[in-house]
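**Q** Data file protein-v3.csv (CSV, C-alpha atoms) is appended below.
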```
chain,number,residue,atom,x,y,z
A,1,MET,CA,70.7,47.0,40.9
A,2,LYS,CA,71.8,43.7,39.4
A,3,PRO,CA,69.6,42.8,36.4
A,4,LEU,CA,67.5,39.7,36.2
A,5,SER,CA,67.3,38.4,32.7
A,6,ILE,CA,64.1,37.0,31.2
A,7,GLU,CA,64.2,33.4,29.8
A,8,PRO,CA,61.5,31.6,27.8
A,9,LEU,CA,59.4,29.3,29.9
A,10,THR,CA,59.9,25.7,29.1
A,11,ARG,CA,58.9,22.5,31.0
A,12,GLU,CA,62.5,21.5,31.3
A,13,ALA,CA,63.7,24.8,32.7
A,14,PHE,CA,60.7,25.0,35.1
A,15,ALA,CA,60.9,21.4,36.3
A,16,PRO,CA,62.6,22.2,39.6
A,17,PHE,CA,59.8,24.5,40.5
A,18,GLY,CA,56.7,22.7,39.4
A,19,GLN,CA,54.7,22.1,36.2
A,20,VAL,CA,54.0,24.1,33.1
A,21,LEU,CA,50.3,23.8,32.1
A,22,GLU,CA,50.3,23.9,28.3
A,23,THR,CA,49.2,21.6,25.5
A,24,LYS,CA,52.3,22.1,23.3
A,25,GLY,CA,54.4,19.0,23.1
A,26,VAL,CA,51.9,17.0,25.3
A,27,ASP,CA,50.1,13.9,24.2
A,28,HIS,CA,46.3,13.8,24.4
A,29,VAL,CA,43.6,11.3,24.5
A,30,LEU,CA,40.4,11.7,22.4
A,31,ILE,CA,37.2,11.7,24.5
A,32,ASN,CA,33.5,12.6,23.9
A,33,GLU,CA,33.2,10.6,20.7
A,34,GLY,CA,36.4,12.1,19.3
A,35,THR,CA,35.3,15.7,19.6
A,36,THR,CA,37.5,16.6,22.6
A,37,LYS,CA,41.2,16.3,23.1
A,38,ARG,CA,42.1,15.7,26.8
A,39,PHE,CA,45.5,16.8,27.8
A,40,HIS,CA,45.3,14.8,31.0
A,41,ALA,CA,46.6,15.7,34.5
A,42,LEU,CA,49.1,18.4,33.5
A,43,ALA,CA,49.4,18.9,37.2
A,44,THR,CA,48.0,17.5,40.5
A,45,ALA,CA,47.0,19.9,43.1
A,46,ASP,CA,48.9,19.3,46.3
A,47,THR,CA,46.8,20.3,49.3
A,48,GLY,CA,48.1,17.9,51.9
A,49,ALA,CA,45.9,15.6,53.9
A,50,GLU,CA,43.9,18.4,55.6
A,51,GLY,CA,43.5,20.8,52.7
A,52,ARG,CA,41.1,21.2,49.8
A,53,ALA,CA,41.7,22.6,46.3
A,54,ILE,CA,39.8,25.8,45.6
A,55,LEU,CA,39.3,27.7,42.4
A,56,SER,CA,39.7,31.5,42.4
A,57,ILE,CA,40.2,34.1,39.8
A,58,PHE,CA,43.1,36.6,40.2
A,59,ARG,CA,43.0,39.9,38.3
A,60,GLY,CA,46.5,41.2,38.1
A,61,THR,CA,47.5,44.7,37.1
A,62,CYS,CA,50.8,45.7,35.6
A,63,ARG,CA,53.2,47.1,38.2
A,64,GLY,CA,55.3,48.9,35.6
A,65,PHE,CA,58.8,48.2,34.3
A,66,PRO,CA,61.7,48.3,35.0
A,67,PHE,CA,60.5,46.3,38.1
A,68,ALA,CA,62.6,45.6,41.2
A,69,VAL,CA,62.1,42.2,42.7
A,70,GLU,CA,62.4,42.9,46.4
A,71,MET,CA,60.5,40.0,48.0
A,72,LEU,CA,59.4,36.5,47.5
A,73,GLU,CA,56.6,34.3,49.0
A,74,CYS,CA,55.9,30.7,49.3
A,75,HIS,CA,53.1,28.4,50.4
A,76,PRO,CA,54.5,25.7,52.7
A,77,LEU,CA,51.2,23.7,52.8
A,78,GLY,CA,50.2,23.4,49.2
A,79,SER,CA,50.8,24.0,45.5
A,80,GLN,CA,49.5,27.0,43.6
A,81,ALA,CA,48.6,27.1,39.9
A,82,PHE,CA,48.1,30.1,37.7
A,83,VAL,CA,46.4,29.7,34.3
A,84,PRO,CA,46.0,32.8,32.1
A,85,LEU,CA,42.4,33.4,30.9
A,86,SER,CA,43.5,35.6,28.0
A,87,ALA,CA,46.4,34.9,25.6
A,88,HIS,CA,48.9,37.5,26.8
A,89,ASP,CA,52.5,36.9,27.9
A,90,TRP,CA,53.2,37.2,31.6
A,91,LEU,CA,56.2,36.8,33.9
A,92,VAL,CA,57.0,34.0,36.3
A,93,VAL,CA,59.7,34.6,38.9
A,94,VAL,CA,60.9,31.7,41.1
A,95,ALA,CA,63.9,30.9,43.2
A,96,GLU,CA,65.6,27.8,44.6
A,97,ARG,CA,66.2,29.6,47.9
A,98,ALA,CA,64.8,32.9,49.3
A,99,ASP,CA,67.8,34.9,48.1
A,100,ALA,CA,68.4,37.2,45.1
A,101,LEU,CA,71.2,35.1,43.7
A,102,SER,CA,69.0,32.1,42.9
A,103,LEU,CA,66.2,34.1,41.2
A,104,GLN,CA,65.0,33.1,37.8
A,105,CYS,CA,62.6,35.0,35.6
A,106,PHE,CA,60.6,33.2,32.8
A,107,ARG,CA,58.4,34.8,30.2
A,108,ALA,CA,55.3,32.7,29.8
A,109,THR,CA,53.1,32.9,26.8
A,110,GLY,CA,49.3,33.4,27.2
A,111,ARG,CA,49.0,29.7,26.5
A,112,GLN,CA,51.1,28.7,29.4
A,113,GLY,CA,50.1,28.3,33.0
A,114,VAL,CA,52.3,27.2,35.8
A,115,GLN,CA,51.8,25.3,39.1
A,116,TYR,CA,54.3,26.2,41.8
A,117,ALA,CA,55.1,23.1,43.8
A,118,ARG,CA,54.5,23.3,47.6
A,119,GLY,CA,57.1,25.4,49.3
A,120,ILE,CA,58.6,26.9,46.1
A,121,TRP,CA,59.7,30.6,46.5
A,122,HIS,CA,58.1,32.8,43.9
A,123,HIS,CA,57.2,36.4,43.3
A,124,PRO,CA,53.5,37.4,43.4
A,125,LEU,CA,51.7,37.8,40.0
A,126,LEU,CA,53.5,39.9,37.4
A,127,VAL,CA,51.5,40.7,34.3
A,128,LEU,CA,52.6,42.7,31.3
A,129,GLU,CA,49.2,43.9,30.1
A,130,ARG,CA,47.4,46.6,31.9
A,131,GLU,CA,45.2,43.9,33.4
A,132,GLN,CA,45.0,40.1,33.0
A,133,ASP,CA,42.8,37.4,34.7
A,134,PHE,CA,44.1,34.0,35.8
A,135,LEU,CA,42.4,30.9,37.2
A,136,VAL,CA,44.2,30.0,40.4
A,137,VAL,CA,44.0,26.6,42.0
A,138,ASP,CA,45.4,26.5,45.5
A,139,ARG,CA,44.9,25.2,49.0
A,140,ASP,CA,42.2,26.1,51.5
A,141,GLY,CA,42.4,24.8,55.0
A,142,ALA,CA,43.8,25.3,58.4
A,143,GLY,CA,47.4,26.3,59.0
A,144,GLU,CA,49.6,29.1,58.0
A,145,ASN,CA,50.2,28.7,54.2
A,146,LEU,CA,52.1,32.0,53.5
A,147,ARG,CA,55.7,32.9,54.1
A,148,GLU,CA,57.4,36.0,52.8
A,149,ALA,CA,61.0,36.9,52.5
A,150,ILE,CA,62.5,40.3,51.8
A,151,LEU,CA,65.5,40.3,49.5
A,152,PRO,CA,68.2,42.7,50.8
A,153,GLN,CA,69.7,42.9,47.3
A,154,PRO,CA,66.8,43.4,44.9
A,155,ARG,CA,67.1,42.4,41.2
A,156,GLU,CA,65.7,44.5,38.4
A,157,ILE,CA,63.6,43.2,35.5
A,158,ARG,CA,63.7,45.2,32.3
A,159,LEU,CA,61.5,44.3,29.3
B,160,MET,CA,12.5,16.2,18.1
B,161,LYS,CA,11.5,18.4,21.0
B,162,PRO,CA,13.6,21.5,21.1
B,163,LEU,CA,15.8,22.5,24.0
B,164,SER,CA,15.9,26.3,24.5
B,165,ILE,CA,19.0,28.1,25.4
B,166,GLU,CA,19.0,30.4,28.5
B,167,PRO,CA,21.6,32.8,29.7
B,168,LEU,CA,23.9,31.3,32.4
B,169,THR,CA,23.5,32.9,35.8
B,170,ARG,CA,24.6,31.9,39.2
B,171,GLU,CA,21.0,31.7,40.4
B,172,ALA,CA,19.8,29.5,37.5
B,173,PHE,CA,22.8,27.2,37.8
B,174,ALA,CA,22.8,26.9,41.6
B,175,PRO,CA,21.1,23.5,41.7
B,176,PHE,CA,23.9,22.1,39.5
B,177,GLY,CA,27.1,23.7,40.9
B,178,GLN,CA,29.0,27.0,40.7
B,179,VAL,CA,29.5,29.6,38.1
B,180,LEU,CA,33.1,30.7,37.9
B,181,GLU,CA,33.1,34.3,37.0
B,182,THR,CA,34.1,37.7,38.5
B,183,LYS,CA,30.9,39.6,37.6
B,184,GLY,CA,28.9,40.5,40.7
B,185,VAL,CA,31.5,38.8,43.0
B,186,ASP,CA,33.4,40.7,45.8
B,187,HIS,CA,37.2,40.6,45.7
B,188,VAL,CA,40.0,41.2,48.2
B,189,LEU,CA,43.1,43.2,47.2
B,190,ILE,CA,46.3,41.3,47.6
B,191,ASN,CA,49.9,41.7,46.4
B,192,GLU,CA,50.2,45.3,47.6
B,193,GLY,CA,47.0,46.2,46.0
B,194,THR,CA,48.0,45.1,42.5
B,195,THR,CA,45.9,41.9,42.3
B,196,LYS,CA,42.2,41.4,42.9
B,197,ARG,CA,41.5,38.0,44.3
B,198,PHE,CA,38.0,36.6,43.6
B,199,HIS,CA,38.3,34.0,46.3
B,200,ALA,CA,37.1,30.4,46.3
B,201,LEU,CA,34.5,30.6,43.5
B,202,ALA,CA,34.4,26.8,43.9
B,203,THR,CA,35.9,24.1,46.0
B,204,ALA,CA,37.0,20.9,44.2
B,205,ASP,CA,35.1,18.0,45.6
B,206,THR,CA,37.3,14.9,45.3
B,207,GLY,CA,36.2,12.9,48.2
B,208,ALA,CA,38.5,11.6,50.9
B,209,GLU,CA,40.5,9.3,48.5
B,210,GLY,CA,40.7,11.5,45.4
B,211,ARG,CA,43.0,14.3,44.3
B,212,ALA,CA,42.2,17.3,42.2
B,213,ILE,CA,44.0,17.3,38.8
B,214,LEU,CA,44.4,20.1,36.2
B,215,SER,CA,43.9,19.2,32.6
B,216,ILE,CA,43.3,21.1,29.4
B,217,PHE,CA,40.3,20.0,27.2
B,218,ARG,CA,40.3,21.2,23.6
B,219,GLY,CA,36.7,21.0,22.4
B,220,THR,CA,35.7,21.1,18.7
B,221,CYS,CA,32.3,22.2,17.5
B,222,ARG,CA,29.8,19.3,16.8
B,223,GLY,CA,27.6,21.3,14.5
B,224,PHE,CA,24.1,22.7,15.0
B,225,PRO,CA,21.3,21.9,15.3
B,226,PHE,CA,22.6,19.4,17.8
B,227,ALA,CA,20.7,16.5,19.3
B,228,VAL,CA,21.3,15.9,23.0
B,229,GLU,CA,21.1,12.1,23.1
B,230,MET,CA,23.1,11.2,26.2
B,231,LEU,CA,24.3,12.5,29.5
B,232,GLU,CA,27.1,11.7,31.8
B,233,CYS,CA,27.9,12.2,35.5
B,234,HIS,CA,30.8,11.8,37.9
B,235,PRO,CA,29.6,10.2,41.1
B,236,LEU,CA,32.9,10.5,42.9
B,237,GLY,CA,33.8,14.2,42.3
B,238,SER,CA,33.1,17.6,40.9
B,239,GLN,CA,34.3,18.8,37.5
B,240,ALA,CA,35.1,22.3,36.6
B,241,PHE,CA,35.4,23.8,33.1
B,242,VAL,CA,37.0,27.3,32.6
B,243,PRO,CA,37.3,28.7,29.1
B,244,LEU,CA,40.8,29.8,28.1
B,245,SER,CA,39.5,32.1,25.3
B,246,ALA,CA,36.6,34.5,25.5
B,247,HIS,CA,34.0,32.7,23.4
B,248,ASP,CA,30.5,31.7,24.4
B,249,TRP,CA,29.9,28.0,24.9
B,250,LEU,CA,27.0,25.8,26.0
B,251,VAL,CA,26.3,24.0,29.3
B,252,VAL,CA,23.7,21.3,29.3
B,253,VAL,CA,22.6,19.9,32.7
B,254,ALA,CA,19.7,17.9,34.1
B,255,GLU,CA,18.2,17.2,37.5
B,256,ARG,CA,17.7,13.6,36.5
B,257,ALA,CA,19.0,11.5,33.6
B,258,ASP,CA,16.0,12.2,31.5
B,259,ALA,CA,15.2,14.5,28.6
B,260,LEU,CA,12.4,16.3,30.4
B,261,SER,CA,14.6,17.8,33.0
B,262,LEU,CA,17.3,19.0,30.6
B,263,GLN,CA,18.4,22.6,30.7
B,264,CYS,CA,20.8,24.4,28.3
B,265,PHE,CA,22.7,27.5,29.3
B,266,ARG,CA,24.7,29.8,27.1
B,267,ALA,CA,27.9,30.7,29.0
B,268,THR,CA,30.0,33.6,28.0
B,269,GLY,CA,33.7,33.3,27.5
B,270,ARG,CA,34.2,34.8,30.9
B,271,GLN,CA,32.1,32.2,32.7
B,272,GLY,CA,33.3,28.8,33.8
B,273,VAL,CA,31.2,26.2,35.6
B,274,GLN,CA,31.8,23.5,38.2
B,275,TYR,CA,29.4,20.6,38.0
B,276,ALA,CA,28.8,19.3,41.5
B,277,ARG,CA,29.5,15.7,42.2
B,278,GLY,CA,26.9,13.4,40.6
B,279,ILE,CA,25.3,16.1,38.4
B,280,TRP,CA,24.1,14.9,35.0
B,281,HIS,CA,25.6,16.9,32.2
B,282,HIS,CA,26.4,16.7,28.5
B,283,PRO,CA,30.0,16.5,27.5
B,284,LEU,CA,31.6,19.7,26.3
B,285,LEU,CA,29.7,21.7,23.7
B,286,VAL,CA,31.6,24.6,22.1
B,287,LEU,CA,30.4,27.1,19.5
B,288,GLU,CA,33.7,28.0,18.0
B,289,ARG,CA,35.5,25.7,15.7
B,290,GLU,CA,37.8,24.9,18.6
B,291,GLN,CA,38.1,26.1,22.2
B,292,ASP,CA,40.4,25.2,25.1
B,293,PHE,CA,39.3,24.8,28.7
B,294,LEU,CA,41.1,24.3,32.0
B,295,VAL,CA,39.4,21.4,33.6
B,296,VAL,CA,39.7,20.6,37.4
B,297,ASP,CA,38.4,17.2,38.3
B,298,ARG,CA,39.1,14.1,40.4
B,299,ASP,CA,41.8,11.6,40.0
B,300,GLY,CA,41.8,8.4,42.1
B,301,ALA,CA,40.5,4.9,42.5
B,302,GLY,CA,36.9,4.0,41.7
B,303,GLU,CA,34.5,4.3,38.8
B,304,ASN,CA,33.9,8.0,38.3
B,305,LEU,CA,31.9,8.0,35.0
B,306,ARG,CA,28.3,7.1,34.4
B,307,GLU,CA,26.5,7.5,31.2
B,308,ALA,CA,22.8,7.6,30.3
B,309,ILE,CA,21.2,7.4,26.9
B,310,LEU,CA,18.1,9.6,26.4
B,311,PRO,CA,15.4,7.6,24.5
B,312,GLN,CA,13.8,11.0,23.5
B,313,PRO,CA,16.6,13.3,22.4
B,314,ARG,CA,16.2,17.1,22.6
B,315,GLU,CA,17.4,19.4,19.9
B,316,ILE,CA,19.5,22.6,20.4
B,317,ARG,CA,19.3,25.2,17.6
B,318,LEU,CA,21.4,28.3,17.7
```
Re-express the file's structure as structure tokens.
**A**
Amino acid sequence: MKPLSIEPLTREAFAPFGQVLETKGVDHVLINEGTTKRFHALATADTGAEGRAILSIFRGTCRGFPFAVEMLECHPLGSQAFVPLSAHDWLVVVAERADALSLQCFRATGRQGVQYARGIWHHPLLVLEREQDFLVVDRDGAGENLREAILPQPREIRL
Amino acid sequence: MKPLSIEPLTREAFAPFGQVLETKGVDHVLINEGTTKRFHALATADTGAEGRAILSIFRGTCRGFPFAVEMLECHPLGSQAFVPLSAHDWLVVVAERADALSLQCFRATGRQGVQYARGIWHHPLLVLEREQDFLVVDRDGAGENLREAILPQPREIRL
């Protein structure tokens, strides 16, 4: 199985797929009489005209490695953000198209969340710890917001 | 100065003010081939017809204790959610009206976020650690979304 290498997650590398939610390298404004730094609007939830942004918690469990990336999903009607609630690294797998050749795998730190832009192909949650919680902000509303694609030629992630 | 006692944060006690964002006591659905528990729609962002939900990170610093609660703020155009990104307790101060008598102070664990409903009077971020980061989901859009009220008779929080 063709390997899929792991790259560090950076805003620049992730830009085609959405936003990285992190404070590093981001300007802030001081609010609350100077006691709070606001790193403002790192992402805007995209829920379309009919949708609403909901907040959920996802508890991911480790699937084991090496791991074969055999499918992708995307949400054609809205963005989806994942922000880790504990400071452990995790993996982000995205693709420009629903094929194995365009796959990219990023290692996010526990201080980095991501928001997948609407319609971006990505693999479901991949955690490295036994278990890790994420705050998820995505779309609720009418319409079919999940597409899945099977990859005839899976790619393998090794840690 | 009249003291303000600290109560544990529970969904029941916080219900008049918004939602508690936690997994404890909440049912989940299994997704991603059974590898992820989704605690679904713990809150819905309320941004009105014209607003959009944005994701920011707030880095709060400890203001020191005892602390005098001398003001409140509210956001008349949208909800505001705070979810701690590290597992330290923090304080949530809310009020049914913009007066000192109706103040309530809750101690949230590091596994509990809250969403203030639109228009709920609350104190700006109060952390107990030297510094703590929160993911904040609130409203972006036209209109004046901040009101502040000074409390002529402050209340004092002692740890």
**Q** Hey, could you make a per-residue contact list for chain B against chain A with 6 Å as the cut-off, showing the nearest pair of atoms and its distance in Å to one decimal, counting all atoms listed in the file, sorted by chain and number, as a Markdown table?
**A**
```
| residue | atom | partner | partner_atom | distance |
| --- | --- | --- | --- | --- |
| B:Thr194 | CA | A:Thr61 | CA | 5.4 |
| B:Thr195 | CA | A:Gly60 | CA | 4.3 |
| B:Lys196 | CA | A:Arg59 | CA | 4.9 |
| B:Arg197 | CA | A:Phe58 | CA | 4.6 |
| B:Phe198 | CA | A:Ile57 | CA | 5.1 |
| B:His199 | CA | A:Ser56 | CA | 4.8 |
| B:Ala200 | CA | A:Ser56 | CA | 4.8 |
| B:Leu201 | CA | A:Ser56 | CA | 5.4 |
| B:Ala202 | CA | A:Leu55 | CA | 5.2 |
| B:Thr203 | CA | A:Ile54 | CA | 4.3 |
| B:Ala204 | CA | A:Ala53 | CA | 5.4 |
| B:Ala212 | CA | A:Ala45 | CA | 5.5 |
| B:Ile213 | CA | A:Thr44 | CA | 4.4 |
| B:Leu214 | CA | A:Ala41 | CA | 5.2 |
| B:Ser215 | CA | A:Ala41 | CA | 4.8 |
| B:Ile216 | CA | A:Phe39 | CA | 5.1 |
| B:Phe217 | CA | A:Arg38 | CA | 4.7 |
| B:Arg218 | CA | A:Lys37 | CA | 5.0 |
| B:Gly219 | CA | A:Thr36 | CA | 4.5 |
| B:Thr220 | CA | A:Thr35 | CA | 5.5 |
| B:Leu244 | CA | A:Leu85 | CA | 4.8 |
| B:Ser245 | CA | A:Ser86 | CA | 6.0 |
```
**Q** Considering only C-alpha atoms, state which residue in the set A:Pro3, A:Pro76, A:Gly64, A:Gly51 is at the smallest distance from Tyr116 (chain A).
**A**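 Under the stated criterion, the closest residue is A:Pro76.
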**Q** Using only C-alpha atoms, which residues sit within 12 Å of Glu315 (chain B) once same-chain residues fewer than 2 positions away are excluded, as a PyMOL selection string?
**A** chain B and resi 160-165+223-230+252+259+262-264+310+312-313+317-318
**Q** Just the number, please: distance in Å from CA of Arg107 (chain A) to CA of Val94 (chain A), one decimal.
**A**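 Taking CA of Arg107 (chain A) and CA of Val94 (chain A), their separation equals 11.6 Å.
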**Q** CA of Cys233 (chain B) and CA of Glu288 (chain B), how far apart in Å?
**A** 24.3 Å
**Q** Would you please work out which residue, of A:Phe82, A:Asp99, A:Ala149, A:Ala117, is nearest to Pro16 (chain A) when using only C-alpha atoms?
**A**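 Selected residue with least distance to Pro16 (chain A): A:Ala117.
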**Q** Using all atoms listed in the file for the distances, tell me which of B:Leu305, B:Ile316, B:Val251, B:Leu287 is nearest to Val273 (chain B).
**A**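 Smallest separation from Val273 (chain B) among the options: B:Val251.
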**Q** If I take CA of Trp249 (chain B) and CA of Val179 (chain B), how far is one from the other in Å, to one decimal?
**A**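 For CA of Trp249 (chain B) relative to CA of Val179 (chain B), the distance reads 13.3 Å.
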**Q** Show which residues sit within 8 Å of Glu255 (chain B), as a PyMOL selection string. Count all atoms listed in the file, and ignore same-chain residues fewer than 5 positions away.
**A** chain B and resi 176+261-262+279-280
**Q** Keeping only C-alpha atoms, write the selected residues as a short mmCIF file (atom, residue, chain, number, x, y, z; two decimals), in the coordinates of the input.
**A**
```
data_model
loop_
_atom_site.label_atom_id
_atom_site.label_comp_id
_atom_site.auth_asym_id
_atom_site.auth_seq_id
_atom_site.Cartn_x
_atom_site.Cartn_y
_atom_site.Cartn_z
CA PHE B 176 23.90 22.10 39.50
CA SER B 261 14.60 17.80 33.00
CA LEU B 262 17.30 19.00 30.60
CA ILE B 279 25.30 16.10 38.40
CA TRP B 280 24.10 14.90 35.00
#
```
**Q** Taking into account all atoms listed in the file, which residue in the set A:Gly143, A:Pro152, A:Gly119, A:Gly78 is nearest to Ala95 (chain A)?
**A**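 The closest residue to Ala95 (chain A) is A:Gly119.
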**Q** Write out N, CA and C atoms for region 254-279 of chain B, as a PDB file, in the coordinates of the input.
**A**
```pdb
ATOM      1  N   ALA B 254      21.054  18.472  33.835  1.00  0.00           N
ATOM      2  CA  ALA B 254      19.700  17.900  34.100  1.00  0.00           C
ATOM      3  C   ALA B 254      19.621  17.486  35.531  1.00  0.00           C
ATOM      4  N   GLU B 255      18.434  17.645  36.088  1.00  0.00           N
ATOM      5  CA  GLU B 255      18.200  17.200  37.500  1.00  0.00           C
ATOM      6  C   GLU B 255      18.196  15.709  37.589  1.00  0.00           C
ATOM      7  N   ARG B 256      17.679  15.071  36.553  1.00  0.00           N
ATOM      8  CA  ARG B 256      17.700  13.600  36.500  1.00  0.00           C
ATOM      9  C   ARG B 256      18.165  13.211  35.108  1.00  0.00           C
ATOM     10  N   ALA B 257      18.493  11.955  34.932  1.00  0.00           N
ATOM     11  CA  ALA B 257      19.000  11.500  33.600  1.00  0.00           C
ATOM     12  C   ALA B 257      17.816  11.238  32.685  1.00  0.00           C
ATOM     13  N   ASP B 258      17.025  12.293  32.456  1.00  0.00           N
ATOM     14  CA  ASP B 258      16.000  12.200  31.500  1.00  0.00           C
ATOM     15  C   ASP B 258      15.831  13.454  30.684  1.00  0.00           C
ATOM     16  N   ALA B 259      15.241  13.323  29.505  1.00  0.00           N
ATOM     17  CA  ALA B 259      15.200  14.500  28.600  1.00  0.00           C
ATOM     18  C   ALA B 259      14.325  15.590  29.086  1.00  0.00           C
ATOM     19  N   LEU B 260      13.338  15.270  29.908  1.00  0.00           N
ATOM     20  CA  LEU B 260      12.400  16.300  30.400  1.00  0.00           C
ATOM     21  C   LEU B 260      13.068  17.317  31.284  1.00  0.00           C
ATOM     22  N   SER B 261      14.038  16.869  32.051  1.00  0.00           N
ATOM     23  CA  SER B 261      14.600  17.800  33.000  1.00  0.00           C
ATOM     24  C   SER B 261      15.863  18.519  32.476  1.00  0.00           C
ATOM     25  N   LEU B 262      16.134  18.365  31.180  1.00  0.00           N
ATOM     26  CA  LEU B 262      17.300  19.000  30.600  1.00  0.00           C
ATOM     27  C   LEU B 262      17.185  20.540  30.636  1.00  0.00           C
ATOM     28  N   GLN B 263      18.335  21.186  30.873  1.00  0.00           N
ATOM     29  CA  GLN B 263      18.400  22.600  30.700  1.00  0.00           C
ATOM     30  C   GLN B 263      19.696  22.974  29.984  1.00  0.00           C
ATOM     31  N   CYS B 264      19.595  23.961  29.111  1.00  0.00           N
ATOM     32  CA  CYS B 264      20.800  24.400  28.300  1.00  0.00           C
ATOM     33  C   CYS B 264      21.039  25.862  28.640  1.00  0.00           C
ATOM     34  N   PHE B 265      22.272  26.147  29.031  1.00  0.00           N
ATOM     35  CA  PHE B 265      22.700  27.500  29.300  1.00  0.00           C
ATOM     36  C   PHE B 265      23.769  27.953  28.343  1.00  0.00           C
ATOM     37  N   ARG B 266      23.672  29.207  27.924  1.00  0.00           N
ATOM     38  CA  ARG B 266      24.700  29.800  27.100  1.00  0.00           C
ATOM     39  C   ARG B 266      25.678  30.537  28.055  1.00  0.00           C
ATOM     40  N   ALA B 267      26.887  30.040  28.183  1.00  0.00           N
ATOM     41  CA  ALA B 267      27.900  30.700  29.000  1.00  0.00           C
ATOM     42  C   ALA B 267      28.692  31.644  28.148  1.00  0.00           C
ATOM     43  N   THR B 268      29.093  32.766  28.723  1.00  0.00           N
ATOM     44  CA  THR B 268      30.000  33.600  28.000  1.00  0.00           C
ATOM     45  C   THR B 268      31.429  33.093  28.138  1.00  0.00           C
ATOM     46  N   GLY B 269      32.331  33.692  27.396  1.00  0.00           N
ATOM     47  CA  GLY B 269      33.700  33.300  27.500  1.00  0.00           C
ATOM     48  C   GLY B 269      34.390  33.704  28.794  1.00  0.00           C
ATOM     49  N   ARG B 270      33.662  34.440  29.621  1.00  0.00           N
ATOM     50  CA  ARG B 270      34.200  34.800  30.900  1.00  0.00           C
ATOM     51  C   ARG B 270      33.499  34.038  32.055  1.00  0.00           C
ATOM     52  N   GLN B 271      32.808  32.999  31.676  1.00  0.00           N
ATOM     53  CA  GLN B 271      32.100  32.200  32.700  1.00  0.00           C
ATOM     54  C   GLN B 271      32.562  30.719  32.556  1.00  0.00           C
ATOM     55  N   GLY B 272      33.076  30.192  33.646  1.00  0.00           N
ATOM     56  CA  GLY B 272      33.300  28.800  33.800  1.00  0.00           C
ATOM     57  C   GLY B 272      32.203  28.185  34.652  1.00  0.00           C
ATOM     58  N   VAL B 273      32.156  26.869  34.709  1.00  0.00           N
ATOM     59  CA  VAL B 273      31.200  26.200  35.600  1.00  0.00           C
ATOM     60  C   VAL B 273      31.936  25.090  36.358  1.00  0.00           C
ATOM     61  N   GLN B 274      31.469  24.795  37.556  1.00  0.00           N
ATOM     62  CA  GLN B 274      31.800  23.500  38.200  1.00  0.00           C
ATOM     63  C   GLN B 274      30.572  22.719  38.408  1.00  0.00           C
ATOM     64  N   TYR B 275      30.514  21.541  37.784  1.00  0.00           N
ATOM     65  CA  TYR B 275      29.400  20.600  38.000  1.00  0.00           C
ATOM     66  C   TYR B 275      29.684  19.969  39.397  1.00  0.00           C
ATOM     67  N   ALA B 276      28.669  20.010  40.250  1.00  0.00           N
ATOM     68  CA  ALA B 276      28.800  19.300  41.500  1.00  0.00           C
ATOM     69  C   ALA B 276      28.874  17.814  41.296  1.00  0.00           C
ATOM     70  N   ARG B 277      29.406  17.124  42.255  1.00  0.00           N
ATOM     71  CA  ARG B 277      29.500  15.700  42.200  1.00  0.00           C
ATOM     72  C   ARG B 277      28.142  15.047  41.880  1.00  0.00           C
ATOM     73  N   GLY B 278      28.123  14.181  40.886  1.00  0.00           N
ATOM     74  CA  GLY B 278      26.900  13.400  40.600  1.00  0.00           C
ATOM     75  C   GLY B 278      25.897  14.170  39.699  1.00  0.00           C
ATOM     76  N   ILE B 279      26.213  15.399  39.280  1.00  0.00           N
ATOM     77  CA  ILE B 279      25.300  16.100  38.400  1.00  0.00           C
ATOM     78  C   ILE B 279      25.335  15.640  36.989  1.00  0.00           C
TER      79      ILE B 279
END
```
